[in-house]
Amino acid sequence: MLQLTKSAELFEKAKKFIPGGVNSPVRAFKSVGGNPIYMAKGSGAYLTDVDGNTYLDYVGSWGPFILGSMHPRITAALEYTLKNIGTSFGTPIEMEIEIAELLCKIVPSLEMVRMVNSGTEATMSAVRLARGYTGRDKIIKFEGCYHGHGDSFLIKAGSGALTLGAPDSPGVTKGTAMDTLNAKYNDIESVKLLVNENKDKVAAIIIEPVAGNTGVIPPQPGFLAALRELCDKEGIVLIFDEVMCGFRVALGGAQSLYGVTPDLTTMGKIIGGGLPVGAFGGKREIMERVAPLGDVYQAGTLSGNPLALTAGLETLKILIEEDPYPELERKAAILEAGFSDNLKKLGLNYVQNRVGSMSCLFFTETPVVNFDTAITADVKKHGKYFHSMLDQGIYLAPSQFEAMFTSYVHTDADLEKTIKANYNALVASGK
Ligand SMILES: *Cc1c(COP(=O)(O)O)cnc(C)c1O
């Protein structure tokens, strides 16, 4: 058993000053039970907590650490910027052009891009832009897709008993909720129905082209292309929210993997290399509507600051130079095959979904293709599984409905250790 005294003490203290003791809800371990673990240090694929326990990390700061934590080149670049440039000016800097040009080169849909400070900012801004551009109010999103905590997105953004057009969170107005329509992932007919019922009122369809916030759900063949076709026909702006899957499933994101080009793309996580960064961009004609060139307002005091851009830029450069994607695929496939063997040995038929280094083991036998099928998973069993993995030194996301991220720095020995732990944890989770 893990010794977690200090973490428990810190959590008790934190709860006095921070709501729920955390600065982002999933960190509180609510869906798996127990107390969150306070980390003291990250290095490569490993985390060390305040009690001195070490873990193999499959969360990677919820996605950014595709190259592991504290990559020597990123750390060196940050040190250089800190010592020689500064942390922020609130003026344009050359580095902004460098990252914008690079992004436009590697992400197919990008002709212009604006840097922001989080994924949430990126999606909020992209939706405002789509509304300004089309002169329409409504947006279509998909049940179970998460696009940050902007008001418009907190409608069926997660689990729970959900009613049509009702906000998931108090504080989201009924008016806002009414402008957000929810379709079913991988179900083009559900989208067409909403579009027909709201003729010429839909500004944008926003989707995670690989859904990663209800576990992992790949788009079925033809689904994204059908969305593209529908948007073209109806004058709707297609937004790919690639905050999680961008630079993760391929350098150019899901849009390059599946060959479907959205009008706008939102980015985050990997693009900040572990610092707070987001971005949105796309077609020139639409992006030209962003202030000060256009009339759609968007701004940020710390947007494009040198420190954050340094981490992002260095991450992108390494991804381009080293092309880790075949290796990420190989590693994630080893894990998937190892887990499959374990399931078979134990007579379990749980579902695994995976796109590249994003994967999820669902505690259900029902193929997971959308929100409704995802929530057939047995979260109690998952909770036992999670804690058994943790006891064996494997740090997974503390929720059934999150992705497992394999990184470039997980070694084959790490993977083997993980597969062994998975066997024990499956046993511990019960039949
Ligand atoms: C994480 C995430 C966001 C929100 O990004 P933050 O930086 O947490 O605001 C938005 N969309 C998707 C798909 C995400 O995974």
# chains A, B, ... in the order shown; residues from 1 in each chain; ligands from 1

call {"tool": "closest_atom_pairs", "arguments": {"of": "stretch 85-192 of chain A", "to": "stretch 345-369 of chain A", "cutoff": "10 Å", "atoms": "only C-alpha atoms", "output": "JSON lines"}}
result
{"residue": "A:Lys184", "atom": "CA", "partner": "A:Val369", "partner_atom": "CA", "distance": 9.5}
{"residue": "A:Tyr185", "atom": "CA", "partner": "A:Val369", "partner_atom": "CA", "distance": 7.2}
{"residue": "A:Asn186", "atom": "CA", "partner": "A:Val369", "partner_atom": "CA", "distance": 6.7}
{"residue": "A:Asp187", "atom": "CA", "partner": "A:Val369", "partner_atom": "CA", "distance": 9.3}

call {"tool": "write_last_selection", "arguments": {"atoms": "N, CA and C atoms", "output": "compact mmCIF listing (two decimals), in the first residue's frame"}}
result
# COMPACT_ATOMS: atom_id res chain seq x y z
N LYS A 184 -25.79 13.54 -31.56
CA LYS A 184 -25.11 12.33 -31.09
C LYS A 184 -23.86 12.07 -31.92
N TYR A 185 -22.77 11.80 -31.22
CA TYR A 185 -21.49 11.52 -31.89
C TYR A 185 -21.64 10.30 -32.81
N ASN A 186 -21.03 10.38 -33.96
CA ASN A 186 -21.06 9.28 -34.94
C ASN A 186 -22.46 9.02 -35.51
N ASP A 187 -23.35 10.01 -35.40
CA ASP A 187 -24.71 9.83 -35.91
C ASP A 187 -25.08 11.06 -36.75

call {"tool": "residues_near_ligand", "arguments": {"ligand": "ligand 1", "cutoff": "7 Å", "atoms": "only C-alpha atoms and all ligand atoms", "output": "tab-separated table (two decimals) with C-alpha atoms, in the first residue's frame"}}
result
chain	number	residue	atom	x	y	z
A	118	SER	CA	-6.11	28.07	-22.73
A	119	GLY	CA	-8.25	25.65	-24.67
A	120	THR	CA	-11.35	27.24	-23.19
A	121	GLU	CA	-10.39	30.64	-24.55
A	123	THR	CA	-13.17	27.45	-28.23
A	146	TYR	CA	-15.97	18.79	-23.86
A	147	HIS	CA	-14.89	22.16	-25.16
A	148	GLY	CA	-13.73	23.82	-21.97
A	149	HIS	CA	-15.89	25.58	-19.42
A	208	GLU	CA	-13.73	16.82	-31.05
A	212	GLY	CA	-11.31	12.34	-25.72
A	213	ASN	CA	-13.45	13.58	-22.88
A	241	ASP	CA	-11.71	21.23	-31.40
A	242	GLU	CA	-8.24	19.69	-31.51
A	243	VAL	CA	-7.21	20.92	-28.07
A	244	MET	CA	-6.56	17.30	-27.06
A	268	GLY	CA	-4.31	23.76	-26.64
A	269	LYS	CA	-2.50	21.27	-24.41
A	278	GLY	CA	-4.24	27.86	-26.65

call {"tool": "closest_residue", "arguments": {"among": "A:Phe153, A:Phe386, A:Phe17, A:Tyr297", "to": "A:Leu129", "atoms": "only C-alpha atoms"}}
result
A:Tyr297

call {"tool": "residues_around", "arguments": {"residues": "A:Phe405", "least_positions_apart": "2", "cutoff": "10 Å", "atoms": "only C-alpha atoms", "output": "PyMOL selection string"}}
result
chain A and resi 57-66+248+328+332+356-360+396-397+402-403+407-408

call {"tool": "write_last_selection", "arguments": {"atoms": "N, CA and C atoms", "output": "PDB file, in the first residue's frame"}}
result
ATOM      1  N   ASP A  57       3.649   7.864 -15.301  1.00  0.00           N
ATOM      2  CA  ASP A  57       2.606   8.846 -15.586  1.00  0.00           C
ATOM      3  C   ASP A  57       1.940   8.612 -16.944  1.00  0.00           C
ATOM      4  N   TYR A  58       0.630   8.355 -16.926  1.00  0.00           N
ATOM      5  CA  TYR A  58      -0.136   8.244 -18.183  1.00  0.00           C
ATOM      6  C   TYR A  58      -1.171   9.369 -18.319  1.00  0.00           C
ATOM      7  N   VAL A  59      -0.985  10.421 -17.504  1.00  0.00           N
ATOM      8  CA  VAL A  59      -1.867  11.580 -17.619  1.00  0.00           C
ATOM      9  C   VAL A  59      -1.154  12.692 -18.398  1.00  0.00           C
ATOM     10  N   GLY A  60       0.124  12.844 -18.109  1.00  0.00           N
ATOM     11  CA  GLY A  60       0.931  13.815 -18.857  1.00  0.00           C
ATOM     12  C   GLY A  60       0.352  15.221 -18.804  1.00  0.00           C
ATOM     13  N   SER A  61      -0.056  15.636 -17.575  1.00  0.00           N
ATOM     14  CA  SER A  61      -0.680  16.950 -17.390  1.00  0.00           C
ATOM     15  C   SER A  61      -1.953  17.079 -18.223  1.00  0.00           C
ATOM     16  N   TRP A  62      -2.635  15.957 -18.438  1.00  0.00           N
ATOM     17  CA  TRP A  62      -3.886  15.865 -19.213  1.00  0.00           C
ATOM     18  C   TRP A  62      -3.656  16.060 -20.706  1.00  0.00           C
ATOM     19  N   GLY A  63      -2.475  15.688 -21.159  1.00  0.00           N
ATOM     20  CA  GLY A  63      -2.238  15.692 -22.603  1.00  0.00           C
ATOM     21  C   GLY A  63      -0.983  16.385 -23.102  1.00  0.00           C
ATOM     22  N   PRO A  64      -0.593  17.499 -22.506  1.00  0.00           N
ATOM     23  CA  PRO A  64       0.541  18.240 -23.062  1.00  0.00           C
ATOM     24  C   PRO A  64       1.847  17.439 -23.180  1.00  0.00           C
ATOM     25  N   PHE A  65       2.109  16.517 -22.244  1.00  0.00           N
ATOM     26  CA  PHE A  65       3.443  15.922 -22.185  1.00  0.00           C
ATOM     27  C   PHE A  65       3.624  14.733 -23.108  1.00  0.00           C
ATOM     28  N   ILE A  66       3.437  14.968 -24.387  1.00  0.00           N
ATOM     29  CA  ILE A  66       3.669  13.923 -25.382  1.00  0.00           C
ATOM     30  C   ILE A  66       5.150  13.544 -25.405  1.00  0.00           C
ATOM     31  N   ARG A 248      -1.298  15.239 -31.373  1.00  0.00           N
ATOM     32  CA  ARG A 248      -1.274  14.014 -30.571  1.00  0.00           C
ATOM     33  C   ARG A 248      -1.501  12.791 -31.468  1.00  0.00           C
ATOM     34  N   LEU A 328       5.170   6.312 -31.093  1.00  0.00           N
ATOM     35  CA  LEU A 328       4.014   6.421 -30.193  1.00  0.00           C
ATOM     36  C   LEU A 328       2.983   5.351 -30.524  1.00  0.00           C
ATOM     37  N   ALA A 332       1.839   2.450 -27.926  1.00  0.00           N
ATOM     38  CA  ALA A 332       0.432   2.357 -27.517  1.00  0.00           C
ATOM     39  C   ALA A 332      -0.170   1.029 -27.969  1.00  0.00           C
ATOM     40  N   GLY A 356      -3.923   6.185 -32.033  1.00  0.00           N
ATOM     41  CA  GLY A 356      -2.530   6.520 -31.726  1.00  0.00           C
ATOM     42  C   GLY A 356      -2.277   6.385 -30.238  1.00  0.00           C
ATOM     43  N   SER A 357      -1.710   7.417 -29.642  1.00  0.00           N
ATOM     44  CA  SER A 357      -1.324   7.339 -28.231  1.00  0.00           C
ATOM     45  C   SER A 357      -2.419   7.809 -27.278  1.00  0.00           C
ATOM     46  N   MET A 358      -3.645   7.950 -27.787  1.00  0.00           N
ATOM     47  CA  MET A 358      -4.813   8.214 -26.926  1.00  0.00           C
ATOM     48  C   MET A 358      -5.597   6.917 -26.808  1.00  0.00           C
ATOM     49  N   SER A 359      -5.799   6.436 -25.592  1.00  0.00           N
ATOM     50  CA  SER A 359      -6.540   5.184 -25.485  1.00  0.00           C
ATOM     51  C   SER A 359      -7.428   5.184 -24.255  1.00  0.00           C
ATOM     52  N   CYS A 360      -8.339   4.212 -24.232  1.00  0.00           N
ATOM     53  CA  CYS A 360      -9.225   4.087 -23.077  1.00  0.00           C
ATOM     54  C   CYS A 360      -9.708   2.653 -22.952  1.00  0.00           C
ATOM     55  N   LEU A 396      -2.932   6.850 -13.524  1.00  0.00           N
ATOM     56  CA  LEU A 396      -3.894   7.034 -14.612  1.00  0.00           C
ATOM     57  C   LEU A 396      -4.796   8.222 -14.277  1.00  0.00           C
ATOM     58  N   ALA A 397      -5.514   8.714 -15.267  1.00  0.00           N
ATOM     59  CA  ALA A 397      -6.483   9.776 -15.010  1.00  0.00           C
ATOM     60  C   ALA A 397      -7.542   9.248 -14.046  1.00  0.00           C
ATOM     61  N   GLU A 402     -11.805   9.547 -19.160  1.00  0.00           N
ATOM     62  CA  GLU A 402     -10.642  10.316 -19.583  1.00  0.00           C
ATOM     63  C   GLU A 402      -9.723   9.404 -20.382  1.00  0.00           C
ATOM     64  N   ALA A 403      -8.877  10.026 -21.187  1.00  0.00           N
ATOM     65  CA  ALA A 403      -7.954   9.250 -22.012  1.00  0.00           C
ATOM     66  C   ALA A 403      -6.716   8.838 -21.222  1.00  0.00           C
ATOM     67  N   SER A 407       3.345   8.348 -23.833  1.00  0.00           N
ATOM     68  CA  SER A 407       4.275   9.379 -24.306  1.00  0.00           C
ATOM     69  C   SER A 407       5.484   8.741 -24.991  1.00  0.00           C
ATOM     70  N   TYR A 408       6.222   9.607 -25.657  1.00  0.00           N
ATOM     71  CA  TYR A 408       7.422   9.211 -26.381  1.00  0.00           C
ATOM     72  C   TYR A 408       8.492   8.647 -25.431  1.00  0.00           C
TER      73      TYR A 408
END

call {"tool": "residues_around", "arguments": {"residues": "A:Val409", "least_positions_apart": "4", "cutoff": "9 Å", "atoms": "only C-alpha atoms", "output": "list in words"}}
result
Gly44, Ala45, Ile66, Leu67 and Gly68 of chain A

call {"tool": "write_last_selection", "arguments": {"atoms": "N, CA and C atoms", "output": "short mmCIF file (atom, residue, chain, number, x, y, z; two decimals), in the first residue's frame"}}
result
data_model
loop_
_atom_site.label_atom_id
_atom_site.label_comp_id
_atom_site.auth_asym_id
_atom_site.auth_seq_id
_atom_site.Cartn_x
_atom_site.Cartn_y
_atom_site.Cartn_z
N GLY A 44 10.42 13.19 -17.10
CA GLY A 44 10.17 12.20 -18.15
C GLY A 44 8.78 11.61 -18.01
N ALA A 45 8.73 10.27 -17.88
CA ALA A 45 7.44 9.60 -17.75
C ALA A 45 7.10 9.34 -16.28
N ILE A 66 3.44 14.97 -24.39
CA ILE A 66 3.67 13.92 -25.38
C ILE A 66 5.15 13.54 -25.41
N LEU A 67 6.03 14.46 -24.98
CA LEU A 67 7.47 14.20 -24.93
C LEU A 67 7.94 13.97 -23.49
N GLY A 68 6.99 13.79 -22.59
CA GLY A 68 7.34 13.61 -21.18
C GLY A 68 7.51 14.96 -20.50
#

call {"tool": "residues_around", "arguments": {"residues": "A:Arg131", "least_positions_apart": "6", "cutoff": "12 Å", "atoms": "only C-alpha atoms", "output": "mmCIF file with C-alpha atoms, in the first residue's frame"}}
result
data_model
loop_
_atom_site.group_PDB
_atom_site.id
_atom_site.type_symbol
_atom_site.label_atom_id
_atom_site.label_comp_id
_atom_site.auth_asym_id
_atom_site.auth_seq_id
_atom_site.Cartn_x
_atom_site.Cartn_y
_atom_site.Cartn_z
ATOM 1 C CA MET A 124 -15.074 30.457 -26.820
ATOM 2 C CA SER A 125 -13.348 32.739 -29.301
ATOM 3 C CA ASP A 137 -26.729 32.411 -33.098
ATOM 4 C CA LYS A 138 -27.048 28.663 -32.616
ATOM 5 C CA ILE A 139 -24.298 26.086 -32.380
ATOM 6 C CA ILE A 140 -24.386 22.313 -32.583
ATOM 7 C CA ASP A 179 -28.600 28.367 -28.432
ATOM 8 C CA ASP A 200 -30.323 29.156 -41.414
ATOM 9 C CA LYS A 201 -29.884 29.571 -37.665
ATOM 10 C CA VAL A 202 -26.843 27.373 -37.042
ATOM 11 C CA ALA A 203 -23.547 29.294 -36.991
ATOM 12 C CA ALA A 204 -21.209 26.423 -36.208
ATOM 13 C CA ILE A 205 -20.839 22.735 -35.630
ATOM 14 C CA GLY A 235 -23.202 27.628 -44.830
ATOM 15 C CA ILE A 236 -22.243 26.416 -41.349
ATOM 16 C CA VAL A 237 -18.736 26.918 -39.942
ATOM 17 C CA LEU A 238 -17.153 23.557 -39.095
ATOM 18 C CA ILE A 239 -14.934 23.794 -36.023
ATOM 19 C CA ILE A 286 -13.076 33.942 -41.473
ATOM 20 C CA ARG A 289 -13.008 39.084 -39.077
ATOM 21 C CA VAL A 290 -10.984 38.938 -35.826
ATOM 22 C CA ASP A 295 -15.078 43.460 -35.998
ATOM 23 C CA VAL A 296 -15.215 40.320 -33.842
ATOM 24 C CA TYR A 297 -13.540 41.222 -30.567
#

call {"tool": "select_by_dssp", "arguments": {"residues": "stretch 200-425 of chain A", "states": "alpha helix (DSSP H)", "output": "JSON, numbers by chain"}}
result
{"A": [223, 224, 225, 226, 227, 228, 229, 230, 231, 232, 233, 234, 253, 254, 255, 256, 257, 258, 284, 285, 286, 287, 306, 307, 308, 309, 310, 311, 312, 313, 314, 315, 316, 317, 318, 319, 320, 321, 322, 325, 326, 327, 328, 329, 330, 331, 332, 333, 334, 335, 336, 337, 338, 339, 340, 341, 342, 343, 344, 345, 371, 372, 373, 374, 379, 380, 381, 382, 383, 384, 385, 386, 387, 388, 389, 390, 391, 412, 413, 414, 415, 416, 417, 418, 419, 420, 421, 422, 423, 424, 425]}

call {"tool": "write_last_selection", "arguments": {"atoms": "C-alpha atoms", "output": "PDB file, in the first residue's frame"}}
result
ATOM      1  CA  PHE A 223     -18.641  10.696 -40.209  1.00  0.00           C
ATOM      2  CA  LEU A 224     -16.330  13.727 -40.301  1.00  0.00           C
ATOM      3  CA  ALA A 225     -16.579  13.921 -44.101  1.00  0.00           C
ATOM      4  CA  ALA A 226     -20.372  13.903 -43.834  1.00  0.00           C
ATOM      5  CA  LEU A 227     -20.192  16.816 -41.375  1.00  0.00           C
ATOM      6  CA  ARG A 228     -17.964  18.681 -43.820  1.00  0.00           C
ATOM      7  CA  GLU A 229     -20.458  18.140 -46.621  1.00  0.00           C
ATOM      8  CA  LEU A 230     -23.404  19.234 -44.487  1.00  0.00           C
ATOM      9  CA  CYS A 231     -21.613  22.407 -43.356  1.00  0.00           C
ATOM     10  CA  ASP A 232     -20.719  23.299 -46.959  1.00  0.00           C
ATOM     11  CA  LYS A 233     -24.311  22.834 -48.052  1.00  0.00           C
ATOM     12  CA  GLU A 234     -25.800  24.855 -45.197  1.00  0.00           C
ATOM     13  CA  GLY A 253      -3.921  16.580 -35.846  1.00  0.00           C
ATOM     14  CA  ALA A 254      -7.043  14.547 -36.547  1.00  0.00           C
ATOM     15  CA  GLN A 255      -7.737  16.654 -39.642  1.00  0.00           C
ATOM     16  CA  SER A 256      -4.589  15.358 -41.303  1.00  0.00           C
ATOM     17  CA  LEU A 257      -5.149  11.811 -40.037  1.00  0.00           C
ATOM     18  CA  TYR A 258      -8.682  11.626 -41.457  1.00  0.00           C
ATOM     19  CA  ARG A 284      -8.273  33.463 -43.956  1.00  0.00           C
ATOM     20  CA  GLU A 285     -11.704  34.801 -44.917  1.00  0.00           C
ATOM     21  CA  ILE A 286     -13.076  33.942 -41.473  1.00  0.00           C
ATOM     22  CA  MET A 287      -9.977  34.862 -39.451  1.00  0.00           C
ATOM     23  CA  PRO A 306       7.463  34.620 -24.661  1.00  0.00           C
ATOM     24  CA  LEU A 307       7.653  32.079 -21.857  1.00  0.00           C
ATOM     25  CA  ALA A 308       4.570  30.128 -22.888  1.00  0.00           C
ATOM     26  CA  LEU A 309       5.400  30.365 -26.583  1.00  0.00           C
ATOM     27  CA  THR A 310       8.923  29.079 -25.947  1.00  0.00           C
ATOM     28  CA  ALA A 311       7.624  25.842 -24.457  1.00  0.00           C
ATOM     29  CA  GLY A 312       5.113  25.409 -27.276  1.00  0.00           C
ATOM     30  CA  LEU A 313       7.518  26.275 -30.039  1.00  0.00           C
ATOM     31  CA  GLU A 314      10.249  23.976 -28.744  1.00  0.00           C
ATOM     32  CA  THR A 315       7.713  21.139 -28.412  1.00  0.00           C
ATOM     33  CA  LEU A 316       6.553  21.614 -32.003  1.00  0.00           C
ATOM     34  CA  LYS A 317      10.147  21.752 -33.269  1.00  0.00           C
ATOM     35  CA  ILE A 318      10.986  18.455 -31.568  1.00  0.00           C
ATOM     36  CA  LEU A 319       7.810  16.858 -32.932  1.00  0.00           C
ATOM     37  CA  ILE A 320       8.770  17.965 -36.439  1.00  0.00           C
ATOM     38  CA  GLU A 321      12.424  16.926 -36.171  1.00  0.00           C
ATOM     39  CA  GLU A 322      11.960  13.596 -34.449  1.00  0.00           C
ATOM     40  CA  TYR A 325       4.362   9.298 -34.174  1.00  0.00           C
ATOM     41  CA  PRO A 326       5.357   5.835 -35.475  1.00  0.00           C
ATOM     42  CA  GLU A 327       7.047   5.164 -32.133  1.00  0.00           C
ATOM     43  CA  LEU A 328       4.014   6.421 -30.193  1.00  0.00           C
ATOM     44  CA  GLU A 329       1.826   4.113 -32.271  1.00  0.00           C
ATOM     45  CA  ARG A 330       4.142   1.168 -31.588  1.00  0.00           C
ATOM     46  CA  LYS A 331       4.161   1.807 -27.846  1.00  0.00           C
ATOM     47  CA  ALA A 332       0.432   2.357 -27.517  1.00  0.00           C
ATOM     48  CA  ALA A 333      -0.212  -0.777 -29.610  1.00  0.00           C
ATOM     49  CA  ILE A 334       1.974  -2.818 -27.219  1.00  0.00           C
ATOM     50  CA  LEU A 335      -0.137  -1.625 -24.294  1.00  0.00           C
ATOM     51  CA  GLU A 336      -3.371  -2.337 -26.112  1.00  0.00           C
ATOM     52  CA  ALA A 337      -2.258  -5.850 -27.063  1.00  0.00           C
ATOM     53  CA  GLY A 338      -0.999  -6.525 -23.525  1.00  0.00           C
ATOM     54  CA  PHE A 339      -4.278  -5.387 -21.996  1.00  0.00           C
ATOM     55  CA  SER A 340      -6.195  -7.508 -24.535  1.00  0.00           C
ATOM     56  CA  ASP A 341      -4.210 -10.598 -23.534  1.00  0.00           C
ATOM     57  CA  ASN A 342      -4.948  -9.922 -19.875  1.00  0.00           C
ATOM     58  CA  LEU A 343      -8.655  -9.481 -20.537  1.00  0.00           C
ATOM     59  CA  LYS A 344      -8.739 -12.717 -22.489  1.00  0.00           C
ATOM     60  CA  LYS A 345      -6.901 -14.643 -19.747  1.00  0.00           C
ATOM     61  CA  PHE A 371     -21.947   9.231 -24.988  1.00  0.00           C
ATOM     62  CA  ASP A 372     -24.827   6.794 -24.386  1.00  0.00           C
ATOM     63  CA  THR A 373     -22.642   3.751 -24.930  1.00  0.00           C
ATOM     64  CA  ALA A 374     -19.735   5.227 -22.937  1.00  0.00           C
ATOM     65  CA  VAL A 379     -17.494   3.204 -12.841  1.00  0.00           C
ATOM     66  CA  LYS A 380     -17.307   1.286  -9.541  1.00  0.00           C
ATOM     67  CA  LYS A 381     -15.152  -1.386 -11.165  1.00  0.00           C
ATOM     68  CA  HIS A 382     -13.123   1.306 -12.830  1.00  0.00           C
ATOM     69  CA  GLY A 383     -12.569   2.946  -9.427  1.00  0.00           C
ATOM     70  CA  LYS A 384     -11.170  -0.314  -8.018  1.00  0.00           C
ATOM     71  CA  TYR A 385      -9.021  -0.741 -11.103  1.00  0.00           C
ATOM     72  CA  PHE A 386      -7.723   2.810 -10.803  1.00  0.00           C
ATOM     73  CA  HIS A 387      -6.712   2.387  -7.161  1.00  0.00           C
ATOM     74  CA  SER A 388      -5.031  -0.949  -7.802  1.00  0.00           C
ATOM     75  CA  MET A 389      -3.016   0.612 -10.632  1.00  0.00           C
ATOM     76  CA  LEU A 390      -2.103   3.500  -8.346  1.00  0.00           C
ATOM     77  CA  ASP A 391      -0.955   1.095  -5.615  1.00  0.00           C
ATOM     78  CA  ASP A 412       9.410  -0.815 -23.274  1.00  0.00           C
ATOM     79  CA  ALA A 413      10.183  -1.797 -19.679  1.00  0.00           C
ATOM     80  CA  ASP A 414       7.648   0.817 -18.496  1.00  0.00           C
ATOM     81  CA  LEU A 415       5.056  -0.685 -20.833  1.00  0.00           C
ATOM     82  CA  GLU A 416       5.757  -4.208 -19.579  1.00  0.00           C
ATOM     83  CA  LYS A 417       5.373  -3.032 -15.995  1.00  0.00           C
ATOM     84  CA  THR A 418       2.083  -1.390 -16.918  1.00  0.00           C
ATOM     85  CA  ILE A 419       0.754  -4.542 -18.571  1.00  0.00           C
ATOM     86  CA  LYS A 420       1.600  -6.623 -15.481  1.00  0.00           C
ATOM     87  CA  ALA A 421      -0.083  -4.062 -13.246  1.00  0.00           C
ATOM     88  CA  ASN A 422      -3.111  -4.057 -15.541  1.00  0.00           C
ATOM     89  CA  TYR A 423      -3.539  -7.822 -14.985  1.00  0.00           C
ATOM     90  CA  ASN A 424      -3.493  -7.437 -11.214  1.00  0.00           C
ATOM     91  CA  ALA A 425      -5.791  -4.423 -11.336  1.00  0.00           C
TER      92      ALA A 425
END

call {"tool": "closest_residue", "arguments": {"among": "A:Tyr133, A:Phe89, A:Phe247, A:Phe240", "to": "A:Gly273", "atoms": "only C-alpha atoms"}}
result
A:Phe247

call {"tool": "atom_distance", "arguments": {"atom1": "atom CA of A:Lys83", "atom2": "atom CA of A:Pro276"}}
result
19.5 Å

call {"tool": "closest_residue", "arguments": {"among": "A:Thr406, A:Ser109, A:Thr81, A:Ser88", "to": "A:Gly282", "atoms": "only C-alpha atoms"}}
result
A:Ser109
